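Asker: My structure file run_11.csv, CSV, C-alpha atoms, is below:
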chain,number,residue,atom,x,y,z
A,1,MET,CA,75.5,108.8,121.8
A,2,LYS,CA,75.7,105.1,122.3
A,3,ASP,CA,72.6,104.6,120.3
A,4,GLN,CA,74.0,106.7,117.5
A,5,ILE,CA,77.2,104.7,117.4
A,6,LYS,CA,75.3,101.5,117.4
A,7,THR,CA,73.3,102.8,114.4
A,8,ILE,CA,76.6,103.6,112.6
A,9,GLN,CA,77.9,100.1,113.4
A,10,MET,CA,74.7,98.5,112.0
A,11,LEU,CA,75.0,100.6,108.8
A,12,GLY,CA,78.7,99.7,108.4
A,13,ALA,CA,77.9,96.0,108.9
A,14,MET,CA,75.1,96.3,106.3
A,15,LEU,CA,77.4,97.8,103.7
A,16,GLU,CA,80.2,95.4,104.5
A,17,SER,CA,78.0,92.3,104.1
A,18,ALA,CA,77.0,93.7,100.7
A,19,SER,CA,80.6,94.1,99.7
A,20,ILE,CA,80.2,97.9,99.3
A,21,PRO,CA,83.4,99.8,100.2
A,22,TYR,CA,82.5,102.8,102.4
A,23,THR,CA,83.9,105.4,104.7
A,24,PHE,CA,82.0,107.4,107.4
A,25,VAL,CA,83.0,111.0,107.3
A,26,GLU,CA,82.6,114.4,109.1
A,27,GLU,CA,80.8,114.2,112.5
A,28,SER,CA,80.2,110.5,112.2
A,29,ALA,CA,83.9,109.8,111.8
A,30,LEU,CA,84.8,112.1,114.7
A,31,VAL,CA,82.3,110.4,117.1
A,32,LEU,CA,83.6,107.0,116.1
A,33,GLN,CA,87.1,108.1,117.2
A,34,GLY,CA,86.0,109.2,120.6
A,35,MET,CA,85.0,112.9,120.2
A,36,THR,CA,81.9,114.1,122.0
A,37,ILE,CA,80.1,116.4,119.5
A,38,PRO,CA,76.5,116.8,118.3
A,39,LEU,CA,75.5,114.2,115.7
A,40,ASP,CA,72.3,115.2,114.0
A,41,LYS,CA,73.0,113.1,110.8
A,42,ILE,CA,75.3,110.5,109.6
A,43,ASP,CA,77.5,111.0,106.5
A,44,VAL,CA,78.9,108.0,104.7
A,45,LEU,CA,80.7,107.8,101.3
A,46,THR,CA,80.5,104.6,99.2
A,47,GLN,CA,82.3,103.4,96.2
A,48,TRP,CA,80.9,105.2,93.1
A,49,ASP,CA,80.6,102.2,90.7
A,50,VAL,CA,78.5,100.2,93.1
A,51,PHE,CA,76.4,103.2,94.2
A,52,SER,CA,73.2,101.8,92.5
A,53,LYS,CA,73.7,98.6,94.4
A,54,CYS,CA,74.0,100.6,97.6
A,55,GLN,CA,70.6,102.3,96.8
A,56,GLU,CA,69.0,98.9,96.6
A,57,LEU,CA,69.9,98.2,100.2
A,58,PHE,CA,67.5,100.9,101.3
A,59,VAL,CA,64.4,100.1,99.3
A,60,ASP,CA,62.5,99.4,102.5
A,61,TYR,CA,63.5,102.7,104.1
A,62,PRO,CA,62.2,106.2,103.4
A,63,CYS,CA,64.6,107.7,100.8
A,64,SER,CA,65.0,110.9,98.9
A,65,GLU,CA,65.7,111.1,95.2
A,66,VAL,CA,69.3,110.9,94.1
A,67,MET,CA,70.9,114.2,93.6
A,68,ASN,CA,73.6,114.1,90.9
A,69,THR,CA,76.3,116.6,90.0
A,70,PRO,CA,79.2,116.2,87.5
A,71,ILE,CA,81.4,114.9,90.3
A,72,SER,CA,79.2,113.2,92.9
A,73,ALA,CA,75.8,111.7,93.8
A,74,THR,CA,73.9,111.7,97.1
A,75,PHE,CA,70.6,110.6,98.6
A,76,GLU,CA,69.1,110.8,102.1
A,77,VAL,CA,67.5,107.9,104.0
A,78,GLN,CA,65.9,107.4,107.4
A,79,PHE,CA,67.7,104.6,109.0
A,80,HIS,CA,66.7,103.5,112.6
A,81,GLY,CA,65.6,107.0,113.5
A,82,LEU,CA,68.6,108.8,112.1
A,83,ASN,CA,69.1,110.9,108.9
A,84,ILE,CA,71.7,109.2,106.8
A,85,ASN,CA,73.4,111.1,104.0
A,86,VAL,CA,74.8,108.5,101.5
A,87,GLY,CA,77.1,109.8,98.8
A,88,CYS,CA,79.8,108.9,96.3
A,89,VAL,CA,82.5,110.7,94.4
A,90,PHE,CA,82.8,109.6,90.8
A,91,ASN,CA,86.0,108.0,89.6
A,92,THR,CA,87.4,107.9,93.1
A,93,THR,CA,88.5,104.7,94.9
A,94,ILE,CA,87.3,104.5,98.5
A,95,LYS,CA,89.9,101.9,99.6
A,96,THR,CA,92.9,104.0,98.5
A,97,ASP,CA,92.1,107.0,100.7
A,98,PRO,CA,95.3,107.5,102.8
A,99,TYR,CA,93.3,108.6,105.8
A,100,ARG,CA,90.8,105.8,105.7
A,101,ILE,CA,91.1,103.8,109.0
A,102,ALA,CA,89.2,101.1,110.8
A,103,VAL,CA,87.8,101.8,114.3
A,104,ASP,CA,86.4,98.7,116.0
A,105,GLY,CA,85.9,97.2,112.5
A,106,ILE,CA,84.1,100.2,111.1
A,107,TRP,CA,85.7,102.3,108.3
A,108,CYS,CA,85.9,106.0,108.8
A,109,LYS,CA,88.0,109.1,107.9
A,110,SER,CA,90.8,109.6,110.3
A,111,LEU,CA,90.8,112.7,112.5
A,112,TYR,CA,94.1,113.7,110.8
A,113,SER,CA,92.4,114.1,107.5
A,114,TYR,CA,90.7,117.2,108.9
A,115,ILE,CA,94.1,118.7,109.9
A,116,TYR,CA,96.5,117.7,107.2
A,117,GLY,CA,94.3,116.5,104.3
A,118,ASN,CA,92.0,118.5,102.1
A,119,ASP,CA,88.9,117.7,104.0
A,120,PHE,CA,87.8,120.9,105.7
A,121,SER,CA,86.0,120.6,109.0
A,122,ALA,CA,84.5,123.2,111.3
A,123,TYR,CA,85.7,121.0,114.1
A,124,GLN,CA,89.4,121.4,113.3
A,125,GLU,CA,90.3,123.3,116.5
A,126,ASP,CA,88.3,120.8,118.5
A,127,ILE,CA,90.1,117.9,116.9
A,128,VAL,CA,93.5,119.4,117.8
A,129,ALA,CA,92.3,120.0,121.4
A,130,PHE,CA,91.0,116.4,121.6
A,131,LEU,CA,94.4,115.0,120.4
A,132,LEU,CA,96.3,117.3,122.8
A,133,GLU,CA,94.3,115.9,125.7
A,134,LYS,CA,95.0,112.3,124.6
A,135,GLN,CA,98.7,113.4,124.2
A,136,GLN,CA,98.9,113.8,128.0
A,137,THR,CA,98.0,110.1,128.5
A,138,TYR,CA,100.5,108.9,126.0
A,139,THR,CA,103.2,111.1,127.3
A,140,ALA,CA,102.8,109.7,130.8
A,141,HIS,CA,103.0,106.2,129.3
A,142,ASN,CA,106.1,107.0,127.3
A,143,GLU,CA,107.7,108.7,130.3
A,144,GLN,CA,107.4,105.4,132.2
A,145,ALA,CA,108.9,103.5,129.2
A,146,TRP,CA,111.9,105.9,129.1
A,147,ASN,CA,112.7,105.4,132.8
A,148,GLN,CA,113.4,101.6,132.6
A,149,ASN,CA,117.2,101.2,133.3
A,150,ASN,CA,117.9,103.7,130.5
A,151,TYR,CA,121.0,104.8,132.3
A,152,GLN,CA,122.5,101.3,132.0
A,153,ALA,CA,121.6,101.2,128.3
A,154,LEU,CA,123.5,104.5,127.8
A,155,ILE,CA,126.6,103.1,129.5
A,156,GLU,CA,126.4,100.1,127.2
A,157,ARG,CA,126.2,102.3,124.2
A,158,TYR,CA,128.6,105.1,125.0
A,159,GLY,CA,130.7,103.8,127.9
A,160,GLU,CA,131.2,105.8,131.1
A,161,PRO,CA,130.2,109.4,130.9
A,162,SER,CA,133.8,110.5,131.2
A,163,LYS,CA,134.7,108.4,128.2
A,164,ILE,CA,132.1,109.9,125.8
A,165,ALA,CA,132.9,113.4,127.2
A,166,GLU,CA,136.5,113.1,126.0
A,167,LYS,CA,135.3,112.0,122.6
A,168,ILE,CA,132.9,115.0,122.3
A,169,LYS,CA,135.7,117.4,123.4
A,170,GLN,CA,137.9,116.2,120.6
A,171,ASN,CA,135.4,117.1,117.9
A,172,PRO,CA,132.1,118.7,119.0
A,173,GLU,CA,131.1,119.7,115.5
A,174,TRP,CA,131.2,116.1,114.4
A,175,ARG,CA,128.5,115.3,117.0
A,176,LEU,CA,126.2,117.8,115.3
A,177,HIS,CA,126.5,116.6,111.7
A,178,PRO,CA,124.7,117.2,109.4
A,179,PHE,CA,122.5,120.0,110.8
A,180,TYR,CA,125.3,122.1,112.4
A,181,LYS,CA,125.7,124.1,109.2
A,182,TYR,CA,122.3,125.6,109.9
A,183,MET,CA,123.4,126.9,113.3
A,184,ASN,CA,125.5,129.9,112.4
A,185,GLU,CA,127.8,131.6,114.9
A,186,ILE,CA,126.6,129.5,117.8
A,187,GLU,CA,128.9,131.1,120.4
A,188,GLY,CA,126.9,133.1,122.8
A,189,LYS,CA,123.6,132.0,121.4
A,190,LYS,CA,120.8,130.5,123.5
A,191,VAL,CA,119.8,127.0,122.4
A,192,ILE,CA,117.0,124.8,123.7
A,193,HIS,CA,117.1,121.1,122.8
A,194,LEU,CA,113.7,119.6,123.1
A,195,LEU,CA,113.7,115.9,124.0
A,196,GLY,CA,117.4,116.2,124.3
A,197,SER,CA,117.9,112.7,125.7
A,198,ASN,CA,121.4,111.9,126.8
A,199,GLY,CA,122.9,115.4,126.5
A,200,VAL,CA,125.6,114.4,123.9
A,201,LYS,CA,124.4,117.0,121.4
A,202,GLY,CA,123.8,119.6,124.2
A,203,THR,CA,127.3,119.1,125.6
A,204,ALA,CA,128.7,119.5,122.1
A,205,LEU,CA,126.8,122.8,121.6
A,206,ALA,CA,127.9,124.0,125.0
A,207,LEU,CA,131.6,123.3,124.2
A,208,LEU,CA,131.1,125.4,121.1
A,209,GLY,CA,130.1,128.4,123.3
A,210,ALA,CA,126.3,128.1,123.3
A,211,ASP,CA,124.1,128.7,126.3
A,212,VAL,CA,122.2,125.3,126.3
A,213,THR,CA,119.0,124.1,127.9
A,214,VAL,CA,117.9,120.5,127.5
A,215,VAL,CA,114.3,119.4,128.0
A,216,ASP,CA,113.5,115.7,128.4
A,217,PHE,CA,111.2,113.7,130.6
A,218,SER,CA,113.6,110.9,131.5
A,219,GLN,CA,115.4,111.1,134.9
A,220,GLU,CA,117.9,108.6,133.7
A,221,ASN,CA,118.7,110.6,130.6
A,222,ALA,CA,119.2,113.6,132.8
A,223,MET,CA,121.6,111.8,135.2
A,224,PHE,CA,123.7,110.6,132.3
A,225,ALA,CA,123.7,114.0,130.5
A,226,LYS,CA,124.7,115.9,133.6
A,227,GLU,CA,127.6,113.5,134.2
A,228,VAL,CA,128.8,113.9,130.6
A,229,ALA,CA,128.6,117.7,130.7
A,230,LYS,CA,130.5,117.8,134.0
A,231,SER,CA,133.2,115.5,132.7
A,232,ALA,CA,133.5,117.7,129.6
A,233,ASN,CA,133.6,120.9,131.7
A,234,ALA,CA,130.5,122.2,129.9
A,235,SER,CA,127.6,124.0,131.4
A,236,LEU,CA,124.2,122.4,130.7
A,237,ASP,CA,120.8,123.4,132.1
A,238,TYR,CA,118.7,120.2,132.1
A,239,VAL,CA,115.0,120.5,132.7
A,240,VAL,CA,113.3,117.1,133.5
A,241,SER,CA,109.8,117.6,132.0
A,242,ASP,CA,107.7,116.8,129.0
A,243,VAL,CA,107.8,119.7,126.5
A,244,PHE,CA,104.2,120.8,127.1
A,245,SER,CA,104.7,121.1,130.9
A,246,ILE,CA,107.6,123.6,130.9
A,247,ASN,CA,107.0,127.1,132.2
A,248,GLU,CA,106.2,128.9,129.0
A,249,LYS,CA,106.5,132.4,130.5
A,250,GLN,CA,110.0,131.6,131.7
A,251,HIS,CA,111.1,130.3,128.3
A,252,GLU,CA,109.0,132.4,125.9
A,253,ARG,CA,111.0,134.4,123.3
A,254,GLN,CA,114.3,133.3,125.0
A,255,TYR,CA,116.1,131.2,122.4
A,256,ASP,CA,118.0,131.8,119.2
A,257,TYR,CA,117.7,128.1,118.3
A,258,VAL,CA,115.2,125.3,119.0
A,259,LEU,CA,116.7,121.9,118.2
A,260,MET,CA,115.0,118.6,117.9
A,261,GLU,CA,116.7,115.5,116.4
A,262,LEU,CA,116.5,111.9,115.5
A,263,GLY,CA,113.6,109.8,116.7
A,264,VAL,CA,111.6,112.3,118.7
A,265,LEU,CA,108.8,113.6,116.5
A,266,HIS,CA,106.8,110.3,116.6
A,267,TYR,CA,106.2,110.8,120.4
A,268,PHE,CA,103.7,113.6,119.5
A,269,ILE,CA,100.2,112.5,118.2
A,270,THR,CA,99.5,116.1,117.0
A,271,LEU,CA,102.0,118.5,115.6
A,272,GLU,CA,100.2,121.9,115.8
A,273,PRO,CA,100.7,122.5,119.6
A,274,LEU,CA,104.4,121.5,119.3
A,275,MET,CA,105.0,123.8,116.4
A,276,LYS,CA,103.2,126.7,118.1
A,277,LEU,CA,105.3,126.1,121.2
A,278,VAL,CA,108.5,126.1,119.1
A,279,SER,CA,107.4,129.4,117.6
A,280,LYS,CA,106.8,130.9,121.1
A,281,LEU,CA,110.2,129.8,122.4
A,282,LEU,CA,112.1,131.5,119.6
A,283,VAL,CA,113.3,135.1,119.6
A,284,PRO,CA,112.1,137.1,116.5
A,285,GLY,CA,114.1,135.7,113.6
A,286,GLY,CA,115.1,132.7,115.7
A,287,ARG,CA,115.6,129.4,113.9
A,288,PHE,CA,114.0,125.9,114.4
A,289,VAL,CA,116.3,123.1,113.4
A,290,LEU,CA,114.7,119.6,113.1
A,291,HIS,CA,116.8,116.7,112.1
A,292,GLU,CA,114.8,113.5,111.8
A,293,PHE,CA,114.7,110.0,110.3
A,294,HIS,CA,113.0,110.1,106.9
A,295,PRO,CA,109.5,108.5,106.8
A,296,ILE,CA,110.5,106.5,103.7
A,297,SER,CA,112.9,104.5,105.9
A,298,THR,CA,110.6,104.4,109.0
A,299,LYS,CA,107.2,104.0,107.5
A,300,LEU,CA,107.6,102.4,104.1
A,301,ILE,CA,110.7,100.3,103.5
A,302,THR,CA,112.3,97.4,105.4
A,303,SER,CA,115.9,96.5,104.6
A,304,SER,CA,118.0,93.4,105.0
A,305,GLY,CA,121.4,93.6,103.5
A,306,LYS,CA,121.1,94.5,99.8
A,307,LYS,CA,117.3,93.7,99.8
A,308,HIS,CA,114.7,96.3,100.3
A,309,LYS,CA,110.9,95.7,100.5
A,310,VAL,CA,107.9,98.0,100.6
A,311,THR,CA,106.2,96.5,103.6
A,312,GLY,CA,104.6,99.6,105.1
A,313,ASN,CA,102.0,102.2,104.3
A,314,TYR,CA,103.6,105.6,104.0
A,315,PHE,CA,100.3,107.4,104.6
A,316,ASN,CA,99.1,105.3,107.6
A,317,PRO,CA,97.9,107.8,110.3
A,318,GLU,CA,97.3,105.2,113.0
A,319,LEU,CA,99.2,105.0,116.3
A,320,SER,CA,101.5,102.1,116.9
A,321,TYR,CA,103.3,100.5,119.9
A,322,ASN,CA,107.1,100.1,119.5
A,323,THR,CA,110.0,99.1,121.7
A,324,VAL,CA,111.9,101.9,123.3
A,325,ALA,CA,114.9,103.0,121.3
A,326,PHE,CA,117.5,102.0,123.9
A,327,SER,CA,116.2,98.4,124.1
A,328,LYS,CA,118.8,97.2,121.6
A,329,HIS,CA,121.5,98.1,124.1
A,330,MET,CA,119.9,95.9,126.8
A,331,PRO,CA,120.4,92.2,127.4
A,332,ASP,CA,118.0,89.9,125.4
A,333,GLY,CA,116.2,88.7,128.5
A,334,VAL,CA,115.5,92.3,129.6
A,335,GLN,CA,114.3,93.5,126.2
A,336,GLU,CA,111.1,91.4,126.3
A,337,GLU,CA,110.1,92.9,129.7
A,338,LEU,CA,110.4,96.6,128.7
A,339,MET,CA,107.3,98.7,128.2
A,340,GLN,CA,106.7,99.9,124.7
A,341,THR,CA,106.1,103.5,123.6
A,342,VAL,CA,103.1,104.9,121.8
A,343,GLN,CA,104.1,106.5,118.4
A,344,ARG,CA,102.6,108.4,115.6
A,345,LYS,CA,104.9,108.4,112.5
A,346,TRP,CA,104.5,111.5,110.3
A,347,THR,CA,104.8,112.1,106.6
A,348,ILE,CA,106.9,114.9,105.2
A,349,GLY,CA,103.7,116.6,104.0
A,350,GLU,CA,102.1,116.5,107.4
A,351,LEU,CA,105.2,118.0,109.0
A,352,VAL,CA,105.5,120.8,106.5
A,353,THR,CA,101.8,121.6,106.8
A,354,ALA,CA,102.0,121.8,110.6
A,355,ALA,CA,105.0,124.0,110.6
A,356,ALA,CA,103.8,126.4,107.9
A,357,THR,CA,100.4,126.9,109.6
A,358,SER,CA,101.8,127.5,113.1
A,359,GLY,CA,103.7,130.7,112.7
A,360,LEU,CA,106.9,129.3,111.2
A,361,CYS,CA,108.5,130.2,107.9
A,362,ILE,CA,110.2,127.2,106.3
A,363,GLU,CA,113.6,128.0,104.8
A,364,VAL,CA,115.1,124.6,104.1
A,365,LEU,CA,113.9,121.0,103.7
A,366,GLU,CA,117.0,118.9,103.0
A,367,GLU,CA,116.5,115.2,102.4
A,368,GLU,CA,119.7,113.3,103.2
A,369,PRO,CA,120.8,110.0,101.6
A,370,ASN,CA,121.7,106.9,103.3
A,371,HIS,CA,125.5,106.5,103.2
A,372,LYS,CA,125.6,102.7,103.4
A,373,LEU,CA,126.6,101.2,100.0
A,374,HIS,CA,123.7,98.8,100.0
A,375,ASP,CA,121.2,101.7,100.7
A,376,VAL,CA,122.4,104.2,98.0
A,377,GLY,CA,119.5,106.1,96.6
A,378,LEU,CA,117.3,105.8,99.7
A,379,PRO,CA,116.7,108.8,101.9
A,380,LYS,CA,117.8,108.1,105.5
A,381,THR,CA,117.2,111.5,107.3
A,382,TYR,CA,116.0,115.0,106.6
A,383,THR,CA,116.6,118.4,108.1
A,384,LEU,CA,113.9,121.1,108.2
A,385,VAL,CA,114.9,124.6,109.0
A,386,ALA,CA,112.3,127.3,109.9
A,387,THR,CA,112.2,130.7,111.4
A,388,THR,CA,109.7,132.8,113.2
A,389,ARG,CA,107.8,135.2,111.0
Starting from the file, give its structure as structure tokens.
Answerer:
Amino acid sequence: MKDQIKTIQMLGAMLESASIPYTFVEESALVLQGMTIPLDKIDVLTQWDVFSKCQELFVDYPCSEVMNTPISATFEVQFHGLNINVGCVFNTTIKTDPYRIAVDGIWCKSLYSYIYGNDFSAYQEDIVAFLLEKQQTYTAHNEQAWNQNNYQALIERYGEPSKIAEKIKQNPEWRLHPFYKYMNEIEGKKVIHLLGSNGVKGTALALLGADVTVVDFSQENAMFAKEVAKSANASLDYVVSDVFSINEKQHERQYDYVLMELGVLHYFITLEPLMKLVSKLLVPGGRFVLHEFHPISTKLITSSGKKHKVTGNYFNPELSYNTVAFSKHMPDGVQEELMQTVQRKWTIGELVTAAATSGLCIEVLEEEPNHKLHDVGLPKTYTLVATTR
């Protein structure tokens, strides 16, 4: 496999030096991103309007005739002992492919293209399994990041647990805006809040009569949440665990509602296993309520006062390292010392695709505006509501 990757790297460098835009695809792309699969040939797409220039690079290698169709052209070449399939798609710009990423300086098609894009691959299930295995490593890292004096940060944000508990008791519905309208007749219903963090939402739901279970991997979140619930005289079952480690048999088909909200989806590097778990947790006809930050505001636009700039790439599928959310409530000297979390920020299309293909029926996708005067017209959050089929 090392020799094959070296050949891919040589080919990529050759195309790069000739200023020919390219992307390795199919098995070649998967291998470059760490998957262990058979690699009998290498597939690479090049820019269509320099395809003839690309052919000239291989005049000293055994090549086939160019095969043309109305939409594409291809030829095969023997390159350092491997079969290379070189192709192009007419009137298509290589560099604007939203799933084109660089791995160690070599351009290839992201794994996510074969899950959420229109690039079919026989390895789709293997890709999801590969990402789920990697998820375990990132979850362990993120768990450490979320157990760095988070309790103290919660005190800085909310005050003592008894103080926030009194505020929740005064108006529990307000704590659940704007998604509470999708949780009909909550009294007596079973709700599981995945990545439920500090328990504020869970406590509000419990005060409204719901039977609430919170799942989160932060011991410090759990400590704060239990104190808040106790001060509010609310019953809260808090499970300290990442969501994929809960006892599925114990929780399967138990809940009328699965809730996830604000700044949690990006901790998952693949959505299919999460959506399938959500489907398993719900009773028949149960409802999944996801309230999240809109990717327009988290992936694309940066704001400063009245000024907004497009500084990001909405379609970027790559992982990023970001400061833990509670860091802004910590002293400046401490912020720099905190571990960062690994995140994958999702587009609306990727989310909808994952939910729709995992046994969930989407009922609502409400995009909610930013209510700050300077941000009028920009989406801030969204709520997705789905039910089991």
Asker: Using all atoms listed in the file, can you tell me which of A:Val191, A:Ala73, A:Val59, A:Val240 comes closest to Leu205 in chain A?
Answerer: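 Comparing A:Val191, A:Ala73, A:Val59, A:Val240 against Leu205 in chain A, the winner is A:Val191.
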Asker: Show which residues sit within 12 Å of range 370-372 of chain A, as a list in words. Count all atoms listed in the file, and ignore same-chain residues fewer than 2 positions away.
Answerer: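 Selected residues are Phe293, His294, Ile296, Ser297, Ser303, Gly305, Lys306, Glu367, Glu368, His374, Asp375, Val376, Gly377, Leu378, Pro379, Lys380, Thr381 and Tyr382 of chain A.
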Asker: Take CA of Gln340 in chain A and CA of Ala145 in chain A and report the distance between them in Å, one decimal.
Answerer: 6.2 Å
Asker: Of the candidates A:Asn247, A:Asn221, A:Thr203, A:Gln9, which one gets nearest to Leu154 in chain A if we count all atoms listed in the file?
Answerer: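 Checking each candidate against Leu154 in chain A, we get A:Asn221 as the closest.
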Asker: A:Leu262, A:Ile246, A:Ile127, A:Ile192: which is nearest His177 in chain A, counting only C-alpha atoms?
Answerer: A:Leu262
Asker: Using only C-alpha atoms, which residues sit within 8 Å of Gln78 in chain A once same-chain residues fewer than 2 positions away are excluded, as a list in words?
Answerer: Tyr61, Pro62, Cys63, Glu76, His80, Gly81, Leu82, Asn83 and Ile84 of chain A
Asker: Which residues, written as a CSV table (one decimal) with C-alpha atoms, keeping the file's coordinate frame, have at least one atom at most 12 Å from Ala354 in chain A, with all atoms listed in the file counted and residues fewer than 6 positions away on the same chain left out?
Answerer:
chain,number,residue,atom,x,y,z
A,112,TYR,CA,94.1,113.7,110.8
A,115,ILE,CA,94.1,118.7,109.9
A,116,TYR,CA,96.5,117.7,107.2
A,117,GLY,CA,94.3,116.5,104.3
A,128,VAL,CA,93.5,119.4,117.8
A,270,THR,CA,99.5,116.1,117.0
A,271,LEU,CA,102.0,118.5,115.6
A,272,GLU,CA,100.2,121.9,115.8
A,273,PRO,CA,100.7,122.5,119.6
A,274,LEU,CA,104.4,121.5,119.3
A,275,MET,CA,105.0,123.8,116.4
A,276,LYS,CA,103.2,126.7,118.1
A,277,LEU,CA,105.3,126.1,121.2
A,278,VAL,CA,108.5,126.1,119.1
A,279,SER,CA,107.4,129.4,117.6
A,346,TRP,CA,104.5,111.5,110.3
A,347,THR,CA,104.8,112.1,106.6
A,348,ILE,CA,106.9,114.9,105.2
A,360,LEU,CA,106.9,129.3,111.2
A,361,CYS,CA,108.5,130.2,107.9
A,362,ILE,CA,110.2,127.2,106.3
A,386,ALA,CA,112.3,127.3,109.9
Asker: May I ask for the distance between CA of Cys108 in chain A and CA of His141 in chain A, given in Å to one decimal place?
Answerer: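 Computed distance, CA of Cys108 in chain A to CA of His141 in chain A, equals 26.7 Å.
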Asker: Calculate how many Å separate CA of Thr23 in chain A from CA of Thr302 in chain A, rounding to one decimal.
Answerer: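 Taking CA of Thr23 in chain A as the start and CA of Thr302 in chain A as the end point, the length is 29.5 Å.
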Asker: Reconstruct N, CA and C atoms of range 365-376 of chain A from the incomplete input and present them as a PDB file, in the frame of the given file.
Answerer:
ATOM      1  N   LEU A 365     114.282 122.384 103.476  1.00  0.00           N
ATOM      2  CA  LEU A 365     113.900 121.000 103.700  1.00  0.00           C
ATOM      3  C   LEU A 365     114.922 120.160 102.935  1.00  0.00           C
ATOM      4  N   GLU A 366     115.947 119.684 103.626  1.00  0.00           N
ATOM      5  CA  GLU A 366     117.000 118.900 103.000  1.00  0.00           C
ATOM      6  C   GLU A 366     116.824 117.432 103.291  1.00  0.00           C
ATOM      7  N   GLU A 367     116.664 116.638 102.248  1.00  0.00           N
ATOM      8  CA  GLU A 367     116.500 115.200 102.400  1.00  0.00           C
ATOM      9  C   GLU A 367     117.921 114.572 102.200  1.00  0.00           C
ATOM     10  N   GLU A 368     118.366 113.821 103.190  1.00  0.00           N
ATOM     11  CA  GLU A 368     119.700 113.300 103.200  1.00  0.00           C
ATOM     12  C   GLU A 368     119.796 111.842 102.865  1.00  0.00           C
ATOM     13  N   PRO A 369     120.714 111.432 101.991  1.00  0.00           N
ATOM     14  CA  PRO A 369     120.800 110.000 101.600  1.00  0.00           C
ATOM     15  C   PRO A 369     121.377 109.128 102.617  1.00  0.00           C
ATOM     16  N   ASN A 370     121.101 107.861 102.468  1.00  0.00           N
ATOM     17  CA  ASN A 370     121.700 106.900 103.300  1.00  0.00           C
ATOM     18  C   ASN A 370     123.137 106.603 102.769  1.00  0.00           C
ATOM     19  N   HIS A 371     124.128 106.634 103.644  1.00  0.00           N
ATOM     20  CA  HIS A 371     125.500 106.500 103.200  1.00  0.00           C
ATOM     21  C   HIS A 371     126.031 105.095 103.138  1.00  0.00           C
ATOM     22  N   LYS A 372     125.204 104.122 103.548  1.00  0.00           N
ATOM     23  CA  LYS A 372     125.600 102.700 103.400  1.00  0.00           C
ATOM     24  C   LYS A 372     125.538 102.340 101.932  1.00  0.00           C
ATOM     25  N   LEU A 373     126.531 101.590 101.466  1.00  0.00           N
ATOM     26  CA  LEU A 373     126.600 101.200 100.000  1.00  0.00           C
ATOM     27  C   LEU A 373     125.367 100.509  99.572  1.00  0.00           C
ATOM     28  N   HIS A 374     124.823  99.614 100.411  1.00  0.00           N
ATOM     29  CA  HIS A 374     123.700  98.800 100.000  1.00  0.00           C
ATOM     30  C   HIS A 374     122.391  99.698  99.940  1.00  0.00           C
ATOM     31  N   ASP A 375     122.437 100.877 100.568  1.00  0.00           N
ATOM     32  CA  ASP A 375     121.200 101.700 100.700  1.00  0.00           C
ATOM     33  C   ASP A 375     121.345 102.983  99.795  1.00  0.00           C
ATOM     34  N   VAL A 376     122.267 102.989  98.853  1.00  0.00           N
ATOM     35  CA  VAL A 376     122.400 104.200  98.000  1.00  0.00           C
ATOM     36  C   VAL A 376     121.118 104.457  97.258  1.00  0.00           C
TER      37      VAL A 376
END
